[in-house]
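Accompanying notes for the structure given below.
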Amino acid sequence: MSKYNVDINHILVKPIYIGLLMNIFVPVTLLAVAYFLDKSRAAEPMNPAENLNIFFWALAALSIIDGAAAIYFRQKRFFSPMIRSKDKFEEDLAQGTFIASIICYSFTSAISIYGLVMYLLGGTFMNFMFFVFLSFVAFQLVRPRHGFMEKVIAAQEKLVDRGQFLRSKF
């Protein structure tokens, strides 16, 4: 149990809703717009032109790298000092969680943007859906959960007890 009486639900609500917006609502909206603007392209065969196949695989590899970078950043950022003072432990933790989550979500939402780029360059609608699906999977892997936040809180408490605080850049 946390000695600072941190309400994990309070800390997770805002980052999760922003993550849902960035990684679910926006990509699905882009998919809907792409589908309804160009219904004839949705019926094309699933294999794009030969020269786009290389581009597709390059973007797929970049998507996997982005997902791995988001996971790495999540581990690195959440377990480094986030607290500025003991008095504002929960407030600092909430702010640090929000900022770190937004950065991780940016990595994962970029994956669906790669799909949009692929689609606009002449790829199929299914290619676009593939990248949106990868973005959703990456979001599920990166988003902070209750158990993860318990570990983060314990790590932050240890850092505070050792006197390791987040330093201001000013």
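Residue names in the structure tokens use chain letters A, B, ... in the order shown, residue numbers from 1 in each chain, and ligand numbers from 1 in the order shown.
Using only C-alpha atoms, the protein and nucleic acid residues lying no more than 7 Å from region 61-78 of chain A, apart from those fewer than 4 places from it along its own chain, are A:Trp57, A:Ala100, A:Cys104, A:Phe107, A:Thr108, A:Ile111, A:Ala138, A:Val142, A:Val152.
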Would you list the contacts of Leu93 (chain A) as a VMD selection string, taking every protein, DNA or RNA residue within 10 Å and counting only C-alpha atoms, but skipping same-chain residues closer than 5 positions in sequence?
-> chain A and resid 6 8 11 78 81 to 84 88 98 to 99 149 152 to 153 156
Can you spit out the residues from that selection as a compact mmCIF listing (two decimals), in the first residue's frame, using N, CA, C and O atoms?
```txt
# COMPACT_ATOMS: atom_id res chain seq x y z
N VAL A 6 -2.15 7.43 -2.75
CA VAL A 6 -2.36 7.83 -4.13
C VAL A 6 -3.60 7.13 -4.69
O VAL A 6 -3.74 5.91 -4.55
N ILE A 8 -5.04 5.75 -7.67
CA ILE A 8 -4.56 5.33 -9.00
C ILE A 8 -5.59 5.65 -10.08
O ILE A 8 -5.22 6.06 -11.18
N ILE A 11 -5.28 9.15 -11.21
CA ILE A 11 -4.08 9.37 -12.02
C ILE A 11 -4.26 8.83 -13.44
O ILE A 11 -3.78 9.43 -14.40
N PHE A 78 8.71 6.16 -16.80
CA PHE A 78 7.90 5.93 -15.62
C PHE A 78 8.72 5.54 -14.40
O PHE A 78 8.27 5.70 -13.27
N PRO A 81 12.80 9.62 -11.91
CA PRO A 81 12.10 10.54 -11.00
C PRO A 81 11.04 11.40 -11.70
O PRO A 81 11.28 11.98 -12.74
N MET A 82 9.85 11.41 -11.09
CA MET A 82 8.73 12.22 -11.58
C MET A 82 8.26 13.22 -10.52
O MET A 82 7.46 14.09 -10.81
N ILE A 83 8.73 13.07 -9.31
CA ILE A 83 8.23 13.83 -8.18
C ILE A 83 9.17 15.00 -7.90
O ILE A 83 10.38 14.83 -7.81
N ARG A 84 8.59 16.19 -7.75
CA ARG A 84 9.38 17.39 -7.44
C ARG A 84 9.52 17.61 -5.94
O ARG A 84 10.53 18.12 -5.48
N LYS A 88 3.76 17.29 -2.76
CA LYS A 88 2.90 17.22 -3.95
C LYS A 88 3.09 15.90 -4.68
O LYS A 88 3.06 15.86 -5.91
N PHE A 98 0.77 11.77 -17.01
CA PHE A 98 0.09 12.35 -18.17
C PHE A 98 1.09 12.69 -19.28
O PHE A 98 0.88 12.32 -20.44
N ILE A 99 2.18 13.34 -18.93
CA ILE A 99 3.17 13.75 -19.93
C ILE A 99 3.82 12.53 -20.58
O ILE A 99 3.94 12.46 -21.80
N MET A 149 0.83 0.88 -12.57
CA MET A 149 0.93 2.10 -11.77
C MET A 149 1.28 1.80 -10.32
O MET A 149 1.96 2.60 -9.67
N VAL A 152 4.91 1.60 -10.43
CA VAL A 152 5.47 2.94 -10.63
C VAL A 152 5.45 3.71 -9.31
O VAL A 152 6.43 4.38 -8.95
N ILE A 153 4.34 3.63 -8.60
CA ILE A 153 4.22 4.34 -7.32
C ILE A 153 5.28 3.83 -6.34
O ILE A 153 5.94 4.63 -5.67
N GLN A 156 8.58 5.24 -7.42
CA GLN A 156 8.66 6.67 -7.12
C GLN A 156 8.85 6.91 -5.62
O GLN A 156 9.58 7.82 -5.22
```
Which residues are near region 12-21 of chain A? Cut-off 12 Å, only C-alpha atoms, ignore same chain within fewer than 5 positions. Put them as an mmCIF file with N, CA, C and O atoms, in the first residue's frame.
```cif
data_model
loop_
_atom_site.group_PDB
_atom_site.id
_atom_site.type_symbol
_atom_site.label_atom_id
_atom_site.label_comp_id
_atom_site.auth_asym_id
_atom_site.auth_seq_id
_atom_site.Cartn_x
_atom_site.Cartn_y
_atom_site.Cartn_z
ATOM 1 N N VAL A 6 -2.153 7.428 -2.745
ATOM 2 C CA VAL A 6 -2.364 7.831 -4.131
ATOM 3 C C VAL A 6 -3.596 7.125 -4.686
ATOM 4 O O VAL A 6 -3.742 5.910 -4.555
ATOM 5 N N ASP A 7 -4.485 7.891 -5.292
ATOM 6 C CA ASP A 7 -5.667 7.348 -5.958
ATOM 7 C C ASP A 7 -5.277 7.024 -7.406
ATOM 8 O O ASP A 7 -5.192 7.915 -8.258
ATOM 9 N N VAL A 26 -9.351 9.036 -33.422
ATOM 10 C CA VAL A 26 -8.773 9.712 -34.594
ATOM 11 C C VAL A 26 -8.498 8.732 -35.735
ATOM 12 O O VAL A 26 -8.923 8.986 -36.874
ATOM 13 N N PRO A 27 -7.839 7.578 -35.494
ATOM 14 C CA PRO A 27 -7.623 6.652 -36.606
ATOM 15 C C PRO A 27 -8.913 6.101 -37.212
ATOM 16 O O PRO A 27 -9.014 5.974 -38.439
ATOM 17 N N VAL A 28 -9.897 5.808 -36.373
ATOM 18 C CA VAL A 28 -11.161 5.293 -36.908
ATOM 19 C C VAL A 28 -11.867 6.373 -37.706
ATOM 20 O O VAL A 28 -12.475 6.088 -38.750
ATOM 21 N N THR A 29 -11.796 7.608 -37.268
ATOM 22 C CA THR A 29 -12.384 8.714 -38.026
ATOM 23 C C THR A 29 -11.689 8.862 -39.377
ATOM 24 O O THR A 29 -12.352 9.041 -40.409
ATOM 25 N N GLU A 90 1.231 13.107 -5.175
ATOM 26 C CA GLU A 90 0.176 12.651 -6.089
ATOM 27 C C GLU A 90 0.024 13.597 -7.283
ATOM 28 O O GLU A 90 -0.142 13.153 -8.417
ATOM 29 N N LEU A 93 2.961 13.052 -9.574
ATOM 30 C CA LEU A 93 2.831 11.746 -10.233
ATOM 31 C C LEU A 93 1.786 11.803 -11.341
ATOM 32 O O LEU A 93 1.995 11.265 -12.434
ATOM 33 N N ALA A 94 0.682 12.468 -11.082
ATOM 34 C CA ALA A 94 -0.372 12.595 -12.099
ATOM 35 C C ALA A 94 0.143 13.377 -13.307
ATOM 36 O O ALA A 94 -0.094 12.976 -14.462
ATOM 37 N N GLN A 95 0.865 14.452 -13.060
ATOM 38 C CA GLN A 95 1.398 15.247 -14.163
ATOM 39 C C GLN A 95 2.452 14.460 -14.936
ATOM 40 O O GLN A 95 2.453 14.462 -16.175
ATOM 41 N N GLY A 96 3.341 13.778 -14.233
ATOM 42 C CA GLY A 96 4.368 12.979 -14.896
ATOM 43 C C GLY A 96 3.778 11.839 -15.702
ATOM 44 O O GLY A 96 4.229 11.546 -16.820
ATOM 45 N N THR A 97 2.757 11.196 -15.161
ATOM 46 C CA THR A 97 2.083 10.105 -15.868
ATOM 47 C C THR A 97 1.410 10.623 -17.127
ATOM 48 O O THR A 97 1.485 10.001 -18.194
ATOM 49 N N PHE A 98 0.769 11.768 -17.015
ATOM 50 C CA PHE A 98 0.090 12.350 -18.167
ATOM 51 C C PHE A 98 1.093 12.687 -19.278
ATOM 52 O O PHE A 98 0.883 12.317 -20.441
ATOM 53 N N ILE A 99 2.177 13.345 -18.929
ATOM 54 C CA ILE A 99 3.168 13.750 -19.930
ATOM 55 C C ILE A 99 3.821 12.531 -20.581
ATOM 56 O O ILE A 99 3.943 12.459 -21.804
ATOM 57 N N ALA A 100 4.223 11.567 -19.760
ATOM 58 C CA ALA A 100 4.857 10.363 -20.306
ATOM 59 C C ALA A 100 3.885 9.584 -21.194
ATOM 60 O O ALA A 100 4.275 9.062 -22.239
ATOM 61 N N SER A 101 2.630 9.521 -20.785
ATOM 62 C CA SER A 101 1.624 8.812 -21.585
ATOM 63 C C SER A 101 1.405 9.486 -22.925
ATOM 64 O O SER A 101 1.305 8.805 -23.955
ATOM 65 N N ILE A 102 1.329 10.804 -22.946
ATOM 66 C CA ILE A 102 1.127 11.532 -24.202
ATOM 67 C C ILE A 102 2.277 11.254 -25.164
ATOM 68 O O ILE A 102 2.067 11.038 -26.364
ATOM 69 N N ILE A 103 3.488 11.238 -24.659
ATOM 70 C CA ILE A 103 4.642 10.962 -25.523
ATOM 71 C C ILE A 103 4.566 9.536 -26.067
ATOM 72 O O ILE A 103 4.782 9.309 -27.271
ATOM 73 N N CYS A 104 4.242 8.574 -25.214
ATOM 74 C CA CYS A 104 4.102 7.186 -25.675
ATOM 75 C C CYS A 104 2.972 7.050 -26.694
ATOM 76 O O CYS A 104 3.108 6.356 -27.703
ATOM 77 N N TYR A 105 1.857 7.729 -26.440
ATOM 78 C CA TYR A 105 0.728 7.676 -27.371
ATOM 79 C C TYR A 105 1.073 8.327 -28.704
ATOM 80 O O TYR A 105 0.550 7.936 -29.744
ATOM 81 N N SER A 106 1.953 9.296 -28.690
ATOM 82 C CA SER A 106 2.376 9.929 -29.942
ATOM 83 C C SER A 106 3.133 8.934 -30.808
ATOM 84 O O SER A 106 2.953 8.900 -32.029
ATOM 85 N N PHE A 107 3.983 8.142 -30.168
ATOM 86 C CA PHE A 107 4.681 7.088 -30.907
ATOM 87 C C PHE A 107 3.694 6.121 -31.546
ATOM 88 O O PHE A 107 3.814 5.768 -32.723
ATOM 89 N N THR A 108 2.700 5.687 -30.765
ATOM 90 C CA THR A 108 1.766 4.682 -31.275
ATOM 91 C C THR A 108 0.774 5.262 -32.281
ATOM 92 O O THR A 108 0.394 4.569 -33.224
ATOM 93 N N SER A 109 0.381 6.502 -32.104
ATOM 94 C CA SER A 109 -0.558 7.080 -33.075
ATOM 95 C C SER A 109 0.121 7.395 -34.399
ATOM 96 O O SER A 109 -0.543 7.464 -35.437
ATOM 97 N N SER A 135 -1.513 0.177 -34.736
ATOM 98 C CA SER A 135 -1.556 1.301 -33.800
ATOM 99 C C SER A 135 -2.368 0.939 -32.562
ATOM 100 O O SER A 135 -1.980 1.250 -31.431
ATOM 101 N N PHE A 136 -3.490 0.281 -32.761
ATOM 102 C CA PHE A 136 -4.331 -0.130 -31.643
ATOM 103 C C PHE A 136 -3.614 -1.143 -30.751
ATOM 104 O O PHE A 136 -3.656 -1.039 -29.522
ATOM 105 N N ALA A 138 -0.351 -1.508 -30.419
ATOM 106 C CA ALA A 138 0.722 -0.793 -29.723
ATOM 107 C C ALA A 138 0.149 0.022 -28.558
ATOM 108 O O ALA A 138 0.744 0.066 -27.482
ATOM 109 N N PHE A 139 -0.989 0.647 -28.758
ATOM 110 C CA PHE A 139 -1.641 1.403 -27.686
ATOM 111 C C PHE A 139 -1.973 0.488 -26.511
ATOM 112 O O PHE A 139 -1.749 0.847 -25.351
ATOM 113 N N GLN A 140 -2.473 -0.701 -26.803
ATOM 114 C CA GLN A 140 -2.818 -1.643 -25.742
ATOM 115 C C GLN A 140 -1.591 -2.091 -24.961
ATOM 116 O O GLN A 140 -1.665 -2.336 -23.764
ATOM 117 N N LEU A 141 -0.461 -2.187 -25.635
ATOM 118 C CA LEU A 141 0.770 -2.583 -24.963
ATOM 119 C C LEU A 141 1.366 -1.454 -24.124
ATOM 120 O O LEU A 141 2.020 -1.709 -23.114
ATOM 121 N N VAL A 142 1.151 -0.227 -24.533
ATOM 122 C CA VAL A 142 1.804 0.927 -23.907
ATOM 123 C C VAL A 142 0.971 1.569 -22.805
ATOM 124 O O VAL A 142 1.529 2.085 -21.834
ATOM 125 N N ARG A 143 -0.325 1.530 -22.906
ATOM 126 C CA ARG A 143 -1.148 2.283 -21.955
ATOM 127 C C ARG A 143 -0.916 1.795 -20.531
ATOM 128 O O ARG A 143 -0.801 0.596 -20.279
ATOM 129 N N PRO A 144 -0.827 2.733 -19.600
ATOM 130 C CA PRO A 144 -0.594 2.344 -18.200
ATOM 131 C C PRO A 144 -1.842 1.696 -17.599
ATOM 132 O O PRO A 144 -2.953 2.179 -17.800
ATOM 133 N N ARG A 145 -1.627 0.621 -16.895
ATOM 134 C CA ARG A 145 -2.716 -0.092 -16.233
ATOM 135 C C ARG A 145 -2.554 0.025 -14.721
ATOM 136 O O ARG A 145 -1.541 0.492 -14.227
ATOM 137 N N HIS A 146 -3.543 -0.443 -14.013
ATOM 138 C CA HIS A 146 -3.581 -0.329 -12.561
ATOM 139 C C HIS A 146 -2.367 -1.011 -11.914
ATOM 140 O O HIS A 146 -1.695 -0.425 -11.067
ATOM 141 N N GLY A 147 -2.076 -2.244 -12.293
ATOM 142 C CA GLY A 147 -0.940 -2.973 -11.726
ATOM 143 C C GLY A 147 0.390 -2.312 -12.046
ATOM 144 O O GLY A 147 1.302 -2.275 -11.210
ATOM 145 N N PHE A 148 0.513 -1.810 -13.263
ATOM 146 C CA PHE A 148 1.731 -1.106 -13.663
ATOM 147 C C PHE A 148 1.918 0.139 -12.806
ATOM 148 O O PHE A 148 3.029 0.434 -12.351
ATOM 149 N N MET A 149 0.826 0.877 -12.570
ATOM 150 C CA MET A 149 0.928 2.096 -11.771
ATOM 151 C C MET A 149 1.282 1.795 -10.315
ATOM 152 O O MET A 149 1.960 2.597 -9.674
ATOM 153 N N GLU A 150 0.862 0.654 -9.802
ATOM 154 C CA GLU A 150 1.278 0.275 -8.445
ATOM 155 C C GLU A 150 2.799 0.124 -8.389
ATOM 156 O O GLU A 150 3.431 0.560 -7.422
#
```
Could you check which of A:Met22, A:Ile54, A:Ala32, A:Leu37 is closest to Met129 (chain A), using only C-alpha atoms?
-> A:Ala32
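Taking CA of Asn23 (chain A) and CA of Ala154 (chain A) as endpoints, the distance between them is 28.3 Å.
Across the model, the gap from CA of Asn51 (chain A) to CA of Leu30 (chain A) is 24.3 Å.
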Distance of CA of Gly163 (chain A) from CA of Lys151 (chain A), expressed in Å to one decimal place | 18.5 Å
Do you know which residues are at most 10 Å from Leu52 (chain A) counting only C-alpha atoms, after dropping those on the same chain fewer than 5 positions away, and could you put them as number ranges by chain?
-> A: 47, 57-58, 118, 121-123
From the list A:Ile24, A:Ala34, A:His10, A:Arg167, the nearest residue to Phe128 (chain A) using only C-alpha atoms is A:Ala34
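You can rank A:Asn5, A:Ser112, A:Tyr35, A:Ala60 by their closest distance to Phe125 (chain A) using only C-alpha atoms, and at the top of that list sits A:Tyr35.
Across A:Lys3, A:Tyr114, A:Leu120, A:Ala155, the tightest approach to Phe133 (chain A) is made by A:Tyr114 when counting only C-alpha atoms.
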